[in-house]
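Source file model.cif; content: mmCIF, C-alpha atoms and all ligand atoms; chains and numbers go by the auth columns.
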```cif
data_protein
#
loop_
_atom_site.group_PDB
_atom_site.id
_atom_site.type_symbol
_atom_site.label_atom_id
_atom_site.label_comp_id
_atom_site.label_asym_id
_atom_site.label_seq_id
_atom_site.Cartn_x
_atom_site.Cartn_y
_atom_site.Cartn_z
_atom_site.B_iso_or_equiv
_atom_site.auth_seq_id
_atom_site.auth_asym_id
ATOM 1 C CA MET A 1 0.000 0.000 0.000 0.00 1 A
ATOM 2 C CA LYS A 2 1.383 3.379 -1.010 0.00 2 A
ATOM 3 C CA LEU A 3 1.020 5.871 1.779 0.00 3 A
ATOM 4 C CA PRO A 4 0.497 9.601 1.327 0.00 4 A
ATOM 5 C CA TRP A 5 3.419 10.342 3.627 0.00 5 A
ATOM 6 C CA ASP A 6 6.923 8.974 3.615 0.00 6 A
ATOM 7 C CA SER A 7 6.665 5.575 5.256 0.00 7 A
ATOM 8 C CA LYS A 8 10.437 5.096 5.277 0.00 8 A
ATOM 9 C CA ARG A 9 10.719 7.883 7.767 0.00 9 A
ATOM 10 C CA THR A 10 9.887 5.700 10.763 0.00 10 A
ATOM 11 C CA SER A 11 12.766 3.344 10.143 0.00 11 A
ATOM 12 C CA ASP A 12 15.553 5.911 10.164 0.00 12 A
ATOM 13 C CA ARG A 13 15.263 6.475 13.911 0.00 13 A
ATOM 14 C CA LYS A 14 14.686 10.195 13.572 0.00 14 A
ATOM 15 C CA VAL A 15 11.269 10.467 15.119 0.00 15 A
ATOM 16 C CA GLY A 16 11.826 13.401 17.389 0.00 16 A
ATOM 17 C CA GLY A 17 12.768 12.706 20.973 0.00 17 A
ATOM 18 C CA TYR A 18 10.553 9.662 21.327 0.00 18 A
ATOM 19 C CA GLN A 19 13.272 7.144 20.555 0.00 19 A
ATOM 20 C CA ARG A 20 15.524 8.527 23.259 0.00 20 A
ATOM 21 C CA GLU A 21 12.822 9.503 25.701 0.00 21 A
ATOM 22 C CA ARG A 22 11.054 6.228 26.333 0.00 22 A
ATOM 23 C CA SER A 23 8.428 7.648 28.638 0.00 23 A
ATOM 24 C CA ALA A 24 7.325 10.260 26.086 0.00 24 A
ATOM 25 C CA ASN A 25 3.880 9.293 24.894 0.00 25 A
ATOM 26 C CA PRO A 26 2.250 11.470 22.238 0.00 26 A
ATOM 27 C CA TYR A 27 -1.174 10.308 23.459 0.00 27 A
ATOM 28 C CA HIS A 28 -0.561 12.319 26.617 0.00 28 A
ATOM 29 C CA THR A 29 0.063 15.601 24.825 0.00 29 A
ATOM 30 C CA TYR A 30 -2.222 18.586 24.675 0.00 30 A
ATOM 31 C CA ARG A 31 -1.728 18.591 20.914 0.00 31 A
ATOM 32 C CA TRP A 32 -3.249 15.117 20.585 0.00 32 A
ATOM 33 C CA THR A 33 -6.153 15.889 22.922 0.00 33 A
ATOM 34 C CA GLN A 34 -7.061 18.914 20.835 0.00 34 A
ATOM 35 C CA LEU A 35 -6.657 17.068 17.529 0.00 35 A
ATOM 36 C CA SER A 36 -8.782 14.091 18.595 0.00 36 A
ATOM 37 C CA ILE A 37 -11.570 16.310 19.918 0.00 37 A
ATOM 38 C CA ALA A 38 -11.604 18.396 16.734 0.00 38 A
ATOM 39 C CA PHE A 39 -11.481 15.292 14.517 0.00 39 A
ATOM 40 C CA ARG A 40 -14.421 13.609 16.252 0.00 40 A
ATOM 41 C CA SER A 41 -16.532 16.747 16.137 0.00 41 A
ATOM 42 C CA GLU A 42 -16.441 16.820 12.324 0.00 42 A
ATOM 43 C CA PRO A 43 -19.563 15.482 10.535 0.00 43 A
ATOM 44 C CA ASP A 44 -17.558 12.955 8.481 0.00 44 A
ATOM 45 C CA HIS A 45 -16.112 11.395 11.622 0.00 45 A
ATOM 46 C CA CYS A 46 -19.169 10.849 13.824 0.00 46 A
ATOM 47 C CA ILE A 47 -19.750 7.414 12.205 0.00 47 A
ATOM 48 C CA CYS A 48 -17.354 4.438 12.508 0.00 48 A
ATOM 49 C CA ALA A 49 -15.280 4.306 9.303 0.00 49 A
ATOM 50 C CA LEU A 50 -15.095 0.491 9.254 0.00 50 A
ATOM 51 C CA CYS A 51 -18.807 -0.025 9.970 0.00 51 A
ATOM 52 C CA LEU A 52 -19.524 2.405 7.151 0.00 52 A
ATOM 53 C CA LYS A 53 -17.528 0.175 4.760 0.00 53 A
ATOM 54 C CA GLU A 54 -19.814 -2.693 5.823 0.00 54 A
ATOM 55 C CA GLY A 55 -22.874 -0.560 5.137 0.00 55 A
ATOM 56 C CA ARG A 56 -23.726 0.152 8.773 0.00 56 A
ATOM 57 C CA TYR A 57 -24.006 3.416 10.649 0.00 57 A
ATOM 58 C CA THR A 58 -22.509 3.086 14.121 0.00 58 A
ATOM 59 C CA PRO A 59 -21.589 6.103 16.233 0.00 59 A
ATOM 60 C CA ALA A 60 -17.812 6.517 16.440 0.00 60 A
ATOM 61 C CA GLN A 61 -16.297 6.566 19.906 0.00 61 A
ATOM 62 C CA VAL A 62 -12.560 6.771 19.412 0.00 62 A
ATOM 63 C CA VAL A 63 -9.991 8.191 17.022 0.00 63 A
ATOM 64 C CA ASP A 64 -7.726 5.471 15.656 0.00 64 A
ATOM 65 C CA HIS A 65 -4.362 5.697 13.884 0.00 65 A
ATOM 66 C CA ILE A 66 -4.625 3.767 10.605 0.00 66 A
ATOM 67 C CA ILE A 67 -0.870 3.163 10.782 0.00 67 A
ATOM 68 C CA PRO A 68 -0.417 2.663 14.523 0.00 68 A
ATOM 69 C CA TRP A 69 1.981 4.492 16.828 0.00 69 A
ATOM 70 C CA PRO A 70 4.967 4.103 16.953 0.00 70 A
ATOM 71 C CA ILE A 71 5.156 2.714 13.391 0.00 71 A
ATOM 72 C CA CYS A 72 3.614 5.894 11.965 0.00 72 A
ATOM 73 C CA GLY A 73 6.264 8.120 13.571 0.00 73 A
ATOM 74 C CA GLU A 74 5.558 11.510 15.086 0.00 74 A
ATOM 75 C CA ASP A 75 4.481 13.069 11.772 0.00 75 A
ATOM 76 C CA GLY A 76 2.039 10.248 11.102 0.00 76 A
ATOM 77 C CA PHE A 77 0.703 10.444 14.626 0.00 77 A
ATOM 78 C CA PHE A 78 -0.510 13.996 14.113 0.00 78 A
ATOM 79 C CA ASP A 79 -1.416 13.591 10.426 0.00 79 A
ATOM 80 C CA ARG A 80 -5.171 13.700 9.845 0.00 80 A
ATOM 81 C CA LYS A 81 -4.744 11.407 6.821 0.00 81 A
ATOM 82 C CA ASN A 82 -3.632 8.730 9.282 0.00 82 A
ATOM 83 C CA LEU A 83 -6.727 9.075 11.467 0.00 83 A
ATOM 84 C CA GLN A 84 -10.092 7.346 11.354 0.00 84 A
ATOM 85 C CA ALA A 85 -13.057 7.367 13.689 0.00 85 A
ATOM 86 C CA LEU A 86 -14.047 3.927 15.024 0.00 86 A
ATOM 87 C CA CYS A 87 -16.703 2.326 17.214 0.00 87 A
ATOM 88 C CA SER A 88 -15.488 0.491 20.318 0.00 88 A
ATOM 89 C CA ARG A 89 -15.841 -2.965 18.709 0.00 89 A
ATOM 90 C CA HIS A 90 -13.724 -2.044 15.696 0.00 90 A
ATOM 91 C CA ASN A 91 -11.229 -0.256 17.918 0.00 91 A
ATOM 92 C CA ILE A 92 -10.664 -3.459 19.915 0.00 92 A
ATOM 93 C CA GLU A 93 -10.333 -5.570 16.737 0.00 93 A
ATOM 94 C CA LYS A 94 -7.976 -3.063 15.148 0.00 94 A
ATOM 95 C CA GLY A 95 -6.005 -2.746 18.399 0.00 95 A
ATOM 96 C CA ASN A 96 -5.354 -6.482 18.484 0.00 96 A
ATOM 97 C CA LYS A 97 -4.070 -6.461 14.906 0.00 97 A
ATOM 98 C CA ASP A 98 -1.970 -3.384 15.637 0.00 98 A
ATOM 99 C CA LYS A 99 -0.323 -5.062 18.634 0.00 99 A
ATOM 100 C CA LYS A 100 0.999 -7.850 16.409 0.00 100 A
ATOM 101 C CA ALA A 101 2.141 -5.377 13.767 0.00 101 A
ATOM 102 C CA ILE A 102 3.945 -3.255 16.377 0.00 102 A
ATOM 103 C CA GLN A 103 5.704 -6.295 17.850 0.00 103 A
ATOM 104 C CA GLU A 104 6.830 -7.351 14.386 0.00 104 A
ATOM 105 C CA TRP A 105 7.981 -3.791 13.608 0.00 105 A
ATOM 106 C CA LYS A 106 9.984 -3.548 16.846 0.00 106 A
ATOM 107 C CA ARG A 107 11.600 -6.919 16.202 0.00 107 A
ATOM 108 C CA ARG A 108 12.609 -5.885 12.688 0.00 108 A
ATOM 109 C CA ASN A 109 14.032 -2.584 13.933 0.00 109 A
ATOM 110 C CA ALA A 110 15.957 -4.286 16.714 0.00 110 A
ATOM 111 C CA ASN A 111 17.604 -6.607 14.181 0.00 111 A
ATOM 112 C CA GLN A 112 18.872 -3.803 11.965 0.00 112 A
HETATM 113 ZN ZN ZN B . -17.332 -0.063 13.682 0.00 201 A
#
```
For this file, produce the structure as structure tokens.
Amino acid sequence: MKLPWDSKRTSDRKVGGYQRERSANPYHTYRWTQLSIAFRSEPDHCICALCLKEGRYTPAQVVDHIIPWPICGEDGFFDRKNLQALCSRHNIEKGNKDKKAIQEWKRRNANQ
């Protein structure tokens, strides 16, 4: 899948201070809080994006990163193109898939 941003960026270990500062979590930033609130308040994002693909209209409850953190890097984390609104069921399903992808990504990076 071709991404609209540079996907190679996350592998060159230049993702701000987050590589060095392990405790830094972009989810705990004011910037993210503001972005997620604004994103969810938009008419296009009040319905779960994945339910919509299945032809159902379910109220969205969370903002999800299509490419999960930390794979997406800091730019991807705050990039609206990397966000989608999900219901809680889809968020759990997506979260489980993301966990595996993140583990695989970390293993690959550790081996480089
Ligand atoms: Zn859904």
**Contacts of ligand ZN 201 (chain A), 7 Å or closer, all atoms listed in the file, given as a PyMOL selection string** = chain A and resi 48-51+58+86-90
Ground truth for the PyMOL selection byres (((chain A and resi 44) around 12) and not hetatm), written as a PDB file with C-alpha atoms, in the frame of the given file:
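Final output, saved to out09.pdb:
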```
ATOM      1  CA  ALA A  38     -11.604  18.396  16.734  1.00  0.00           C
ATOM      2  CA  PHE A  39     -11.481  15.292  14.517  1.00  0.00           C
ATOM      3  CA  ARG A  40     -14.421  13.609  16.252  1.00  0.00           C
ATOM      4  CA  SER A  41     -16.532  16.747  16.137  1.00  0.00           C
ATOM      5  CA  GLU A  42     -16.441  16.820  12.324  1.00  0.00           C
ATOM      6  CA  PRO A  43     -19.563  15.482  10.535  1.00  0.00           C
ATOM      7  CA  HIS A  45     -16.112  11.395  11.622  1.00  0.00           C
ATOM      8  CA  CYS A  46     -19.169  10.849  13.824  1.00  0.00           C
ATOM      9  CA  ILE A  47     -19.750   7.414  12.205  1.00  0.00           C
ATOM     10  CA  CYS A  48     -17.354   4.438  12.508  1.00  0.00           C
ATOM     11  CA  ALA A  49     -15.280   4.306   9.303  1.00  0.00           C
ATOM     12  CA  LEU A  52     -19.524   2.405   7.151  1.00  0.00           C
ATOM     13  CA  TYR A  57     -24.006   3.416  10.649  1.00  0.00           C
ATOM     14  CA  PRO A  59     -21.589   6.103  16.233  1.00  0.00           C
ATOM     15  CA  ALA A  60     -17.812   6.517  16.440  1.00  0.00           C
ATOM     16  CA  LEU A  83      -6.727   9.075  11.467  1.00  0.00           C
ATOM     17  CA  GLN A  84     -10.092   7.346  11.354  1.00  0.00           C
ATOM     18  CA  ALA A  85     -13.057   7.367  13.689  1.00  0.00           C
ATOM     19  CA  LEU A  86     -14.047   3.927  15.024  1.00  0.00           C
TER      20      LEU A  86
END
```
Find the axis-aligned box for stretch 56-67 of chain A, covering all its listed atoms and adding 5 Å on each side, and write its centre and edge lengths in Å to one decimal as lines of an AutoDock Vina configuration file.
```
center_x = -12.4
center_y = 4.2
center_z = 14.3
size_x = 33.1
size_y = 18.0
size_z = 21.1
```
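In this structure, atom CA of A:Asp64 sits 8.6 Å away from atom CA of A:Lys94.
Shortest atom-to-atom contact with A:Tyr30 among A:Phe78, A:Lys97, A:Gly73, A:His65: A:Phe78, counting all atoms listed in the file.
Distances from A:Ala24, A:Gln34, A:Pro70, A:Thr29 to A:Glu104 were compared using all atoms listed in the file, and the smallest one belongs to A:Pro70.
Atom CA of A:Asp75 is found 17.3 Å from atom CA of A:Trp105.
Atom CA of A:Val63 lies 6.2 Å from atom CA of A:Ser36.
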Output requested as a compact mmCIF listing (two decimals), in the coordinates of the input - stretch 80-106 of chain A, filled out with N, CA and C atoms.
```
# COMPACT_ATOMS: atom_id res chain seq x y z
N ARG A 80 -3.75 14.04 9.96
CA ARG A 80 -5.17 13.70 9.85
C ARG A 80 -5.43 12.59 8.83
N LYS A 81 -4.57 12.46 7.83
CA LYS A 81 -4.74 11.41 6.82
C LYS A 81 -4.54 10.03 7.44
N ASN A 82 -3.88 10.00 8.59
CA ASN A 82 -3.63 8.73 9.28
C ASN A 82 -4.68 8.45 10.36
N LEU A 83 -5.72 9.25 10.42
CA LEU A 83 -6.73 9.07 11.47
C LEU A 83 -8.03 8.56 10.89
N GLN A 84 -8.74 7.75 11.70
CA GLN A 84 -10.09 7.35 11.35
C GLN A 84 -10.89 7.22 12.65
N ALA A 85 -12.18 7.49 12.54
CA ALA A 85 -13.06 7.37 13.69
C ALA A 85 -13.62 5.95 13.73
N LEU A 86 -13.58 5.31 14.90
CA LEU A 86 -14.05 3.93 15.02
C LEU A 86 -15.03 3.77 16.18
N CYS A 87 -15.86 2.74 16.08
CA CYS A 87 -16.70 2.33 17.21
C CYS A 87 -15.81 1.50 18.15
N SER A 88 -16.34 1.20 19.35
CA SER A 88 -15.49 0.49 20.32
C SER A 88 -15.16 -0.93 19.85
N ARG A 89 -16.11 -1.60 19.19
CA ARG A 89 -15.84 -2.96 18.71
C ARG A 89 -14.70 -2.98 17.69
N HIS A 90 -14.78 -2.08 16.70
CA HIS A 90 -13.72 -2.04 15.70
C HIS A 90 -12.40 -1.58 16.28
N ASN A 91 -12.46 -0.72 17.29
CA ASN A 91 -11.23 -0.26 17.92
C ASN A 91 -10.51 -1.41 18.61
N ILE A 92 -11.26 -2.30 19.25
CA ILE A 92 -10.66 -3.46 19.92
C ILE A 92 -10.07 -4.41 18.87
N GLU A 93 -10.83 -4.68 17.80
CA GLU A 93 -10.33 -5.57 16.74
C GLU A 93 -9.07 -5.01 16.09
N LYS A 94 -9.12 -3.72 15.78
CA LYS A 94 -7.98 -3.06 15.15
C LYS A 94 -6.79 -3.05 16.11
N GLY A 95 -7.07 -2.79 17.39
CA GLY A 95 -6.00 -2.75 18.40
C GLY A 95 -5.27 -4.07 18.51
N ASN A 96 -5.99 -5.17 18.41
CA ASN A 96 -5.35 -6.48 18.48
C ASN A 96 -4.45 -6.73 17.29
N LYS A 97 -4.91 -6.32 16.11
CA LYS A 97 -4.07 -6.46 14.91
C LYS A 97 -2.84 -5.56 15.01
N ASP A 98 -3.07 -4.35 15.51
CA ASP A 98 -1.97 -3.38 15.64
C ASP A 98 -0.88 -3.90 16.57
N LYS A 99 -1.30 -4.55 17.67
CA LYS A 99 -0.32 -5.06 18.63
C LYS A 99 0.66 -6.00 17.96
N LYS A 100 0.14 -6.91 17.13
CA LYS A 100 1.00 -7.85 16.41
C LYS A 100 1.92 -7.11 15.45
N ALA A 101 1.35 -6.13 14.74
CA ALA A 101 2.14 -5.38 13.77
C ALA A 101 3.26 -4.60 14.47
N ILE A 102 2.95 -4.05 15.64
CA ILE A 102 3.94 -3.26 16.38
C ILE A 102 5.06 -4.16 16.89
N GLN A 103 4.69 -5.35 17.38
CA GLN A 103 5.70 -6.30 17.85
C GLN A 103 6.65 -6.68 16.71
N GLU A 104 6.04 -6.97 15.56
CA GLU A 104 6.83 -7.35 14.39
C GLU A 104 7.76 -6.19 13.97
N TRP A 105 7.22 -4.99 13.99
CA TRP A 105 7.98 -3.79 13.61
C TRP A 105 9.16 -3.58 14.55
N LYS A 106 8.92 -3.74 15.86
CA LYS A 106 9.98 -3.55 16.85
C LYS A 106 11.06 -4.60 16.69
```
